[in-house]
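*Asks:* Before we start, here is the structure in question, set down as structure tokens.
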Amino acid sequence: MCGIAGFINKSNLNQDKYINNIIESIKHRGPDEFGVFNENGICLLNTRLSIIDVAHGHQPFVSDDKNIYVVQNGEIYNYIEVQNQLKNLGVIFNTNSDTEVILKAYEKFGIKCFEKFNGMFAIAIFDKIKNKLILARDRLGVKPLYIYQKDNELHFSSEIKSLLTYENFDKEIDNQSIHNYLKFNYIPIPDTIYKFVKHIEPAHYYEIDCDTLQIEKTKYWEIKNLPEIKNISEEEVFEKIDEILTDAIKIRLRSDVGIGAFLSGGLDSSLVCAMTKEKFGVSLDTYSIGFKEKRFDESEWAKKVASLCDLKNKVHIVESDIIDLWNTTTWHNDQPHGDISFIPTYIISKFASKDYKLVFTGDGGDEAFAGYTKYFSIFNNSLDDYFDSISLIKVDKDFDSLYTDSFRKDVDYRVPKIIFNDVISEVSLKDDVNKILHFDTRQLLPGNNLVKPDKMAMANSLETRSPMLDYRLFEYMQSLQGKFKLRDNETKYILKKFALKYLPKDIVYRDKQMFTVPVGEWFKTHLKEYISNIIKSDSLKNRNIFNIKYLEFILAEHLIGKKDFTRELRAIVNLEIWFREFDR
């Protein structure tokens, strides 16, 4: 687990200073060591958190002929299997590092190598012979990778903040991204809040000509647009889920350092811990967050699961003073996010990092198995109705009230719906449940839900691994009819029935609690002054995005309990926090 960055820039850039600034900006991702290749205006660098082959995993890895250079952020979980395949073809290895496997696989298979990797990764390869920089990202987008391109230069990094250390960085804001954010509660990929910064898209590799900077993009994996399997029994599905999850856990247990686990007490993290114990005899030390507000608190359930599986459990209780961390988490996020659960994720990451460099999580289960109650709104409704139901601000006329005249003219209200329609059209032959799950896999995961564990854990030099994010599980679940996942009154239908093999019924079938912070209630009480000061601030007004009188109106409605505007206020406040952190 690491941070990577680099550039193609053949101007008179003060490269040594810039490289040092990059390393300083992302060293939290890899505090153990760093390595740099810099030659003729082409740079690859890595900051390393040592997990596999601690002694010999120094990056960049270099081919014997000195023509290929590789850095990566992440882990290739099946590196042993790929390494054995290469050994059978006569390839010789000098280390047990998964990064050397990437190098040797690229030498042997070329760009087809990415199809062989099961992992979470962002990879940069410089091929001198081809004079190309290759940037690749894992299938689901677990590991981030951003690219900044303008004029005759190109820069890339695991985090946007390191791009900002470039002296000529163009900080122009993409106003359309702000509008998209206020529709989805996050900025949908590949766009970012900066006009000239984009995500490398998940399941893609980009081949960049180092002279012309022309980019050739290739998608190396996708969910196949085929109708779902008919006439399959639940027993067959149980068997396949068990097979995939067992192997997903097995390959994620490969580490040269100890492994802990986040345990919310919810189904996904509980199942991961229980299966790890039963299948492999590994007792994970677990870490949980609790709240004094009981309707948000799951810590007693976490304790129950830990006791049942004979696991150590440490609980950290949080209170409203955690709002002081909103600026810190926003800085580490790189972009505004309306999801305030980034804060407890940061806290639990810091909590666990005192003991471990690596933890298991239950991330991905909700998107693979339909774990959110919002999915119920697809029943007896159209996909258009579903889109409206999940929108942060649902009706376009509300944007007319929210925005200033000048900002309104600079955005296109139609774009968010176009993004939604484009994604669900990729699986046009599937049922509506699978279409909306596919949308969340393609957008919500890399745009928000995977940003949270990556950025918050890496801020504390902690690696997270989730067996539920194995791409094979997503492939299989998308091959099943929606009724296996979502029924009229039950989310995660098939996973819950499967989980009874490992967990008692009261844990499996308890009501789902969202992992979030009760900030909407806090806004009405001891955070009333905090939010009022932000909404009424000159800095927010001077950005000329929002009609401040309308903001004051919805704040007043929220404070007296007339209407719940928690999600809208949360997103607007975090946007202002982002501006204060980054637009200096």
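Labels used: A, B, ... for chains in the order of the structure tokens, numbers from 1 for residues in each chain, and numbers from 1 for ligands as shown.
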As a PyMOL selection string, please: every residue in segment 318-566 of chain A that a backbone DSSP assignment puts in helix (DSSP H, G or I).

*Replies:* chain A and resi 320-333+342-353+365-369+373-378+383-390+396-402+405-408+415-427+432-449+451-458+467-469+471-478+482-484+493-499+505-508+519-524+528-535+538-542+548-559+566

*Asks:* Please identify the strand (DSSP E) residues within segment 186-399 of chain A (assignment by DSSP from backbone atoms) and present them as a ChimeraX atom specification.

*Replies:* /A:197-199,204-209,215-219,260-262,285-291,313-318,358-360

*Asks:* Tell me which protein, DNA and RNA residues are within 12 Å of Asp412 of chain A, counting only C-alpha atoms, leaving out same-chain ones fewer than 2 positions away, and put them as a list in words.

*Replies:*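 Result of the neighbour search: Asp174, Asn175, Gln176, Ser177, Ile178, His179, Asn180, Lys183, Asp396, Phe399, Asp400, Phe407, Arg408, Lys409, Asp410, Arg414, Val415, Pro416, Lys417 and Ile418 of chain A.
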
*Asks:* Could you take the residues named above and write them with C-alpha atoms, as a PDB file, in the first residue's frame?

*Replies:*
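To be explicit, this is the file written out as again_35.pdb:
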```
ATOM      1  CA  ASP A 174     -15.600  23.099 -12.906  1.00  0.00           C
ATOM      2  CA  ASN A 175     -18.981  24.594 -12.016  1.00  0.00           C
ATOM      3  CA  GLN A 176     -20.805  21.712 -13.678  1.00  0.00           C
ATOM      4  CA  SER A 177     -19.110  19.376 -11.189  1.00  0.00           C
ATOM      5  CA  ILE A 178     -20.478  21.493  -8.347  1.00  0.00           C
ATOM      6  CA  HIS A 179     -23.979  21.087  -9.749  1.00  0.00           C
ATOM      7  CA  ASN A 180     -23.460  17.347 -10.224  1.00  0.00           C
ATOM      8  CA  LYS A 183     -27.443  16.235  -7.300  1.00  0.00           C
ATOM      9  CA  ASP A 396     -34.844  21.447 -10.807  1.00  0.00           C
ATOM     10  CA  PHE A 399     -31.950  24.820  -8.041  1.00  0.00           C
ATOM     11  CA  ASP A 400     -33.484  27.992  -9.476  1.00  0.00           C
ATOM     12  CA  PHE A 407     -24.058  30.471 -11.510  1.00  0.00           C
ATOM     13  CA  ARG A 408     -27.311  29.041 -12.891  1.00  0.00           C
ATOM     14  CA  LYS A 409     -26.332  30.159 -16.388  1.00  0.00           C
ATOM     15  CA  ASP A 410     -23.031  28.278 -16.129  1.00  0.00           C
ATOM     16  CA  ARG A 414     -29.653  17.845 -17.676  1.00  0.00           C
ATOM     17  CA  VAL A 415     -26.136  16.452 -17.146  1.00  0.00           C
ATOM     18  CA  PRO A 416     -26.733  14.360 -13.963  1.00  0.00           C
ATOM     19  CA  LYS A 417     -29.620  12.488 -15.597  1.00  0.00           C
ATOM     20  CA  ILE A 418     -27.498  11.912 -18.714  1.00  0.00           C
TER      21      ILE A 418
END
```

*Asks:* Could you pull the residues within 10 Å of Lys549 of chain A, counting only C-alpha atoms, minus those fewer than 4 positions along the same chain, as an MDAnalysis selection string?

*Replies:* chainID A and resid 401:402 535:536 541 553:555

*Asks:* Would you pick out the contacts of Glu298 of chain A at 12 Å or less, using only C-alpha atoms, so that residues sharing its chain but fewer than 6 positions from it are not included, and give the list as a list in words?

*Replies:*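 In the requested format, the answer is Leu263, Ser264, Gly265, Gly266, Leu267, Ser270, Tyr287, Ser288, Ile289, Gly290, Phe291, Lys292, Lys304, Val305, Val315, His316, Ile317, Ile507, Arg510, Asp511, Lys512, Gln513, Met514, Phe515 and Thr516 of chain A.
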
*Asks:* Write out the residues from the selection above, keeping N, CA and C atoms, as a JSON list (two decimals), in the first residue's frame.

*Replies:*
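Output (again_24.json):
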```json
[["chain", "number", "residue", "atom", "x", "y", "z"],
["A", 263, "LEU", "N", -15.18, -3.54, 12.67],
["A", 263, "LEU", "CA", -16.39, -4.32, 12.94],
["A", 263, "LEU", "C", -17.49, -3.36, 13.38],
["A", 264, "SER", "N", -18.45, -3.11, 12.48],
["A", 264, "SER", "CA", -19.54, -2.20, 12.81],
["A", 264, "SER", "C", -20.62, -2.89, 13.61],
["A", 265, "GLY", "N", -20.71, -4.22, 13.48],
["A", 265, "GLY", "CA", -21.83, -4.96, 14.03],
["A", 265, "GLY", "C", -22.90, -5.20, 12.99],
["A", 266, "GLY", "N", -22.73, -4.60, 11.79],
["A", 266, "GLY", "CA", -23.62, -4.85, 10.67],
["A", 266, "GLY", "C", -23.30, -6.19, 10.02],
["A", 267, "LEU", "N", -24.11, -6.57, 9.04],
["A", 267, "LEU", "CA", -23.99, -7.90, 8.43],
["A", 267, "LEU", "C", -22.65, -8.11, 7.74],
["A", 270, "SER", "N", -19.48, -8.24, 9.99],
["A", 270, "SER", "CA", -19.63, -9.40, 10.88],
["A", 270, "SER", "C", -19.39, -10.70, 10.14],
["A", 287, "TYR", "N", -12.20, -3.38, 15.70],
["A", 287, "TYR", "CA", -12.29, -1.99, 16.13],
["A", 287, "TYR", "C", -13.66, -1.45, 15.73],
["A", 288, "SER", "N", -14.32, -0.77, 16.66],
["A", 288, "SER", "CA", -15.68, -0.31, 16.44],
["A", 288, "SER", "C", -15.85, 1.13, 16.91],
["A", 289, "ILE", "N", -16.84, 1.81, 16.31],
["A", 289, "ILE", "CA", -17.22, 3.17, 16.70],
["A", 289, "ILE", "C", -18.60, 3.13, 17.35],
["A", 290, "GLY", "N", -18.77, 3.90, 18.42],
["A", 290, "GLY", "CA", -20.08, 4.01, 19.05],
["A", 290, "GLY", "C", -20.51, 5.46, 19.18],
["A", 291, "PHE", "N", -21.83, 5.67, 19.31],
["A", 291, "PHE", "CA", -22.39, 7.01, 19.50],
["A", 291, "PHE", "C", -23.26, 7.02, 20.76],
["A", 292, "LYS", "N", -23.31, 8.14, 21.43],
["A", 292, "LYS", "CA", -24.20, 8.25, 22.58],
["A", 292, "LYS", "C", -25.66, 8.23, 22.15],
["A", 304, "LYS", "N", -21.27, -7.99, 20.53],
["A", 304, "LYS", "CA", -21.93, -9.30, 20.50],
["A", 304, "LYS", "C", -21.28, -10.22, 19.47],
["A", 305, "VAL", "N", -21.00, -9.66, 18.28],
["A", 305, "VAL", "CA", -20.36, -10.45, 17.23],
["A", 305, "VAL", "C", -18.95, -10.87, 17.67],
["A", 315, "VAL", "N", -13.77, -0.43, 21.38],
["A", 315, "VAL", "CA", -14.81, 0.51, 20.96],
["A", 315, "VAL", "C", -14.40, 1.92, 21.31],
["A", 316, "HIS", "N", -14.59, 2.81, 20.37],
["A", 316, "HIS", "CA", -14.33, 4.24, 20.59],
["A", 316, "HIS", "C", -15.65, 4.99, 20.47],
["A", 317, "ILE", "N", -16.09, 5.65, 21.53],
["A", 317, "ILE", "CA", -17.33, 6.41, 21.53],
["A", 317, "ILE", "C", -17.05, 7.84, 21.07],
["A", 507, "ILE", "N", -28.52, -11.47, 14.64],
["A", 507, "ILE", "CA", -27.51, -10.57, 14.06],
["A", 507, "ILE", "C", -27.78, -10.38, 12.58],
["A", 510, "ARG", "N", -31.26, -8.29, 12.00],
["A", 510, "ARG", "CA", -31.56, -7.05, 12.72],
["A", 510, "ARG", "C", -31.69, -5.90, 11.72],
["A", 511, "ASP", "N", -32.35, -4.82, 12.13],
["A", 511, "ASP", "CA", -32.52, -3.67, 11.25],
["A", 511, "ASP", "C", -31.18, -3.04, 10.94],
["A", 512, "LYS", "N", -31.02, -2.64, 9.67],
["A", 512, "LYS", "CA", -29.78, -1.99, 9.25],
["A", 512, "LYS", "C", -29.71, -0.58, 9.82],
["A", 513, "GLN", "N", -28.54, -0.21, 10.33],
["A", 513, "GLN", "CA", -28.29, 1.16, 10.75],
["A", 513, "GLN", "C", -27.23, 1.75, 9.84],
["A", 514, "MET", "N", -27.48, 2.97, 9.39],
["A", 514, "MET", "CA", -26.51, 3.63, 8.53],
["A", 514, "MET", "C", -25.30, 4.05, 9.35],
["A", 515, "PHE", "N", -24.11, 3.85, 8.78],
["A", 515, "PHE", "CA", -22.89, 4.29, 9.44],
["A", 515, "PHE", "C", -22.71, 5.77, 9.14],
["A", 516, "THR", "N", -23.30, 6.59, 10.00],
["A", 516, "THR", "CA", -23.25, 8.02, 9.75],
["A", 516, "THR", "C", -23.19, 8.76, 11.08]]
```

*Asks:* Need the shell around Phe439 of chain A: protein/DNA/RNA residues with any atom at most 10 Å away, counting only C-alpha atoms. Skip same-chain ones fewer than 2 positions apart. Format as number ranges by chain?

*Replies:* A: 367, 419-427, 434-437, 441-445
